[in-house]
Amino acid sequence: MFKGSIVAIVTPFANGAVDYGKLRELVEFQIAGGTDAIVPCGTTGEASTLDYEEHIQVVRTVVEQVNKRVPVIAGTGSNSTSEAIELTQKAKEVGADGALLVTPYYNKPTQEGLYRHYKAVAEAVALPQILYNVPGRTGVNLLPETVARLASISNIVAIKEATGSLQQASEVLALCGDQIDVLSGDDFITFPMMACGAKGVISVVANIMPKEVADLTDAFYAGDLEKARQLHLRLLKISNAMFIESNPVPVKTALGLMGKCSDEVRLPLCPMAEGNKAKLAGIMKEYGLI
């Protein structure tokens with residue numbers, strides 16, 4: 001259902017407030033670059049520091065600006081199942097085409113708890129839903145066997161697999177077959193994951209290089225594996241640079257250097273250390289981004 005280059009779009013701020021004008025400009029930058037779908041209010045969108053009204057308004061703004069040109073997949077995950085249901089329902093009401101739900105963080109639920117959480121959201125809201133497994137941030141790993149159980153629920157359509165493990169991604173693909181789509185959650189392994197059967201990537205790098213990330217997934221789907229491989233290797237250095245510090249600090253710093261939006265983040269995130277910023281700027285110059 002959702003495939004190709006999917007951007008986890010940043011939420012731009014100005015003096016502490018969401019900059020909705022810049023958000024609309026970033027949406028246009030993505031569509032012009034060939035991005036296949038847009039995810040507002042994910043990790044990269046700093047959803048954890050948006051209040052409820054801001055969260056819904058960001059989704060609404062992206063939906064309005066996109067105007068049905070590409071799918072909009074709203075980040076609606078929470079460590080409270082009832083809150084995840086509420087956010088997902090509201091995202092549906094404002095026009096999102098799907099929802100991305102991170103595994104509940106901090107609670108450290110069992111695999112059975114994870115299954116029941118996702119099942120409850122799926123049964124409560126008739127909207128296509130993408131599981132989001134990122135144990136490095138949440139402290140819990142959604143195991144392939146649990147993904148296989150969830151894959152039988154009709155509106156759970158995909159998983160963003162961000163363990164960084166080709167082995168785990170392969171196990172999900174082997175267990176689930178065609179029941180659920182797998183999307184890379186890590187730019188630096190998009191190509192090898194697609195070679196294993198993934199359908200694309202939910203990308204951080206696409207925020208600053210939408211055309212190149214889209215070209216990679218498009219080349220793969222066109223059967224030009226050599227072009228896709230070359231793009232994968234070309235993007236590797238900038239992909240790694242996006243994690244010099246915690247996401248989204250590097251990508252927002254990069255967008256600031258490009259003049260696309262402010263590099264402002266919300267506490268407890270803080271501006272990039274000057275040494276890392278200089279390193280990032282040097283890498284960006286190599287790519288002709290600044």
# chains A, B, ... in the order shown; residues from 1 in each chain; ligands from 1
call {"tool": "residues_around", "arguments": {"residues": "Ser246 in chain A", "least_positions_apart": "2", "cutoff": "12 Å", "atoms": "only C-alpha atoms", "output": "number ranges by chain"}}
result
A: 43-44, 46, 136-137, 204, 240-244, 248-253, 265, 268-273, 276
call {"tool": "select_by_dssp", "arguments": {"residues": "range 114-259 of chain A", "states": "strand (DSSP E)", "output": "MDAnalysis selection string"}}
result
chainID A and resid 129:133 156:161 181:184 200:203
call {"tool": "closest_atom_pairs", "arguments": {"of": "range 31-144 of chain A", "to": "range 209-229 of chain A", "cutoff": "7 Å", "atoms": "only C-alpha atoms", "output": "CSV"}}
result
residue,atom,partner,partner_atom,distance
A:Gly33,CA,A:Lys211,CA,4.4
A:Gly34,CA,A:Lys211,CA,5.8
A:Thr35,CA,A:Ala214,CA,5.8
call {"tool": "residues_around", "arguments": {"residues": "Ala158 in chain A", "least_positions_apart": "6", "cutoff": "12 Å", "atoms": "only C-alpha atoms", "output": "ChimeraX atom specification"}}
result
/A:1-3,73,98-101,128-133,147-148,150-152,172-173,176-185,198-202
call {"tool": "closest_residue", "arguments": {"among": "A:Glu264, A:Asp187, A:Asp36, A:Glu64", "to": "Leu233 in chain A", "atoms": "only C-alpha atoms"}}
result
A:Asp187
call {"tool": "atom_distance", "arguments": {"atom1": "CA of Glu83 in chain A", "atom2": "CA of Val66 in chain A"}}
result
25.8 Å
call {"tool": "residues_around", "arguments": {"residues": "Pro109 in chain A", "least_positions_apart": "6", "cutoff": "12 Å", "atoms": "only C-alpha atoms", "output": "NGL selection string"}}
result
:A and (79-81 or 103 or 115-118 or 138-142)
call {"tool": "residues_around", "arguments": {"residues": "Pro12 in chain A", "least_positions_apart": "6", "cutoff": "7 Å", "atoms": "only C-alpha atoms", "output": "number ranges by chain"}}
result
A: 18-19, 22-23, 261-262
call {"tool": "write_last_selection", "arguments": {"atoms": "N, CA and C atoms", "output": "PDB file, in the first residue's frame"}}
result
ATOM      1  N   VAL A  18       5.406  26.239  16.315  1.00  0.00           N
ATOM      2  CA  VAL A  18       5.460  25.547  15.032  1.00  0.00           C
ATOM      3  C   VAL A  18       5.354  26.574  13.913  1.00  0.00           C
ATOM      4  N   ASP A  19       6.250  26.479  12.939  1.00  0.00           N
ATOM      5  CA  ASP A  19       6.246  27.386  11.791  1.00  0.00           C
ATOM      6  C   ASP A  19       5.494  26.696  10.647  1.00  0.00           C
ATOM      7  N   LYS A  22       6.645  27.440   6.949  1.00  0.00           N
ATOM      8  CA  LYS A  22       7.811  26.675   6.526  1.00  0.00           C
ATOM      9  C   LYS A  22       7.460  25.207   6.333  1.00  0.00           C
ATOM     10  N   LEU A  23       6.557  24.683   7.151  1.00  0.00           N
ATOM     11  CA  LEU A  23       6.127  23.297   6.981  1.00  0.00           C
ATOM     12  C   LEU A  23       5.508  23.093   5.604  1.00  0.00           C
ATOM     13  N   CYS A 261      14.652  26.025   6.612  1.00  0.00           N
ATOM     14  CA  CYS A 261      13.893  26.354   7.809  1.00  0.00           C
ATOM     15  C   CYS A 261      14.887  26.583   8.944  1.00  0.00           C
ATOM     16  N   SER A 262      14.391  27.027  10.076  1.00  0.00           N
ATOM     17  CA  SER A 262      15.249  27.196  11.241  1.00  0.00           C
ATOM     18  C   SER A 262      15.773  25.839  11.709  1.00  0.00           C
TER      19      SER A 262
END
call {"tool": "closest_residue", "arguments": {"among": "A:Ala37, A:Ile159, A:Ala254, A:Ala169", "to": "Leu280 in chain A", "atoms": "only C-alpha atoms"}}
result
A:Ala254
call {"tool": "closest_residue", "arguments": {"among": "A:Gly95, A:Ile38, A:Glu25, A:Leu87", "to": "Glu54 in chain A", "atoms": "only C-alpha atoms"}}
result
A:Leu87
call {"tool": "closest_residue", "arguments": {"among": "A:Ser154, A:Asn247, A:Gln89, A:Ser5", "to": "Met194 in chain A", "atoms": "only C-alpha atoms"}}
result
A:Ser5
call {"tool": "residues_around", "arguments": {"residues": "range 58-61 of chain A", "least_positions_apart": "6", "cutoff": "8 Å", "atoms": "only C-alpha atoms", "output": "PyMOL selection string"}}
result
chain A and resi 11+20+23-24+40-41+74+91+94-96
call {"tool": "write_last_selection", "arguments": {"atoms": "C-alpha atoms", "output": "PDB file, in the first residue's frame"}}
result
ATOM      1  CA  THR A  11       8.460  19.996  12.230  1.00  0.00           C
ATOM      2  CA  TYR A  20       3.355  26.230   9.629  1.00  0.00           C
ATOM      3  CA  LEU A  23       6.127  23.297   6.981  1.00  0.00           C
ATOM      4  CA  ARG A  24       4.071  23.933   3.854  1.00  0.00           C
ATOM      5  CA  PRO A  40       4.362  14.124   9.828  1.00  0.00           C
ATOM      6  CA  CYS A  41       4.734  13.796  13.607  1.00  0.00           C
ATOM      7  CA  ALA A  74       0.452  10.470  10.479  1.00  0.00           C
ATOM      8  CA  ALA A  91      -5.604  11.801  12.268  1.00  0.00           C
ATOM      9  CA  VAL A  94      -8.346  15.398   9.469  1.00  0.00           C
ATOM     10  CA  GLY A  95      -7.679  13.325   6.362  1.00  0.00           C
ATOM     11  CA  ALA A  96      -4.553  11.218   6.926  1.00  0.00           C
TER      12      ALA A  96
END
call {"tool": "select_by_dssp", "arguments": {"residues": "range 98-177 of chain A", "states": "alpha helix (DSSP H)", "output": "PyMOL selection string"}}
result
chain A and resi 111-124+135-138+144-150+166-176
call {"tool": "decode", "arguments": {"residues": "range 200-226 of chain A", "atoms": "C-alpha atoms", "output": "PDB file, in the first residue's frame"}}
result
ATOM      1  CA  GLY A 200      10.982   1.241   0.452  1.00  0.00           C
ATOM      2  CA  VAL A 201      12.125   3.505   3.262  1.00  0.00           C
ATOM      3  CA  ILE A 202      10.743   5.948   5.788  1.00  0.00           C
ATOM      4  CA  SER A 203      13.657   8.301   5.430  1.00  0.00           C
ATOM      5  CA  VAL A 204      15.439  11.016   7.385  1.00  0.00           C
ATOM      6  CA  VAL A 205      17.854  11.839   4.545  1.00  0.00           C
ATOM      7  CA  ALA A 206      14.947  12.597   2.199  1.00  0.00           C
ATOM      8  CA  ASN A 207      14.362  15.778   4.196  1.00  0.00           C
ATOM      9  CA  ILE A 208      17.475  17.261   2.579  1.00  0.00           C
ATOM     10  CA  MET A 209      17.907  15.057  -0.518  1.00  0.00           C
ATOM     11  CA  PRO A 210      14.417  13.996  -1.603  1.00  0.00           C
ATOM     12  CA  LYS A 211      15.286  13.437  -5.248  1.00  0.00           C
ATOM     13  CA  GLU A 212      18.270  11.211  -4.531  1.00  0.00           C
ATOM     14  CA  VAL A 213      16.388   8.974  -2.093  1.00  0.00           C
ATOM     15  CA  ALA A 214      13.458   8.749  -4.514  1.00  0.00           C
ATOM     16  CA  ASP A 215      15.870   7.971  -7.363  1.00  0.00           C
ATOM     17  CA  LEU A 216      17.266   5.053  -5.339  1.00  0.00           C
ATOM     18  CA  THR A 217      13.889   3.424  -4.702  1.00  0.00           C
ATOM     19  CA  ASP A 218      12.682   4.222  -8.234  1.00  0.00           C
ATOM     20  CA  ALA A 219      15.783   2.608  -9.727  1.00  0.00           C
ATOM     21  CA  PHE A 220      15.227  -0.493  -7.663  1.00  0.00           C
ATOM     22  CA  TYR A 221      11.612  -0.790  -8.806  1.00  0.00           C
ATOM     23  CA  ALA A 222      12.682  -0.204 -12.411  1.00  0.00           C
ATOM     24  CA  GLY A 223      15.058  -3.170 -12.123  1.00  0.00           C
ATOM     25  CA  ASP A 224      18.182  -1.022 -12.415  1.00  0.00           C
ATOM     26  CA  LEU A 225      19.932  -2.592  -9.449  1.00  0.00           C
ATOM     27  CA  GLU A 226      23.328  -1.206 -10.408  1.00  0.00           C
TER      28      GLU A 226
END
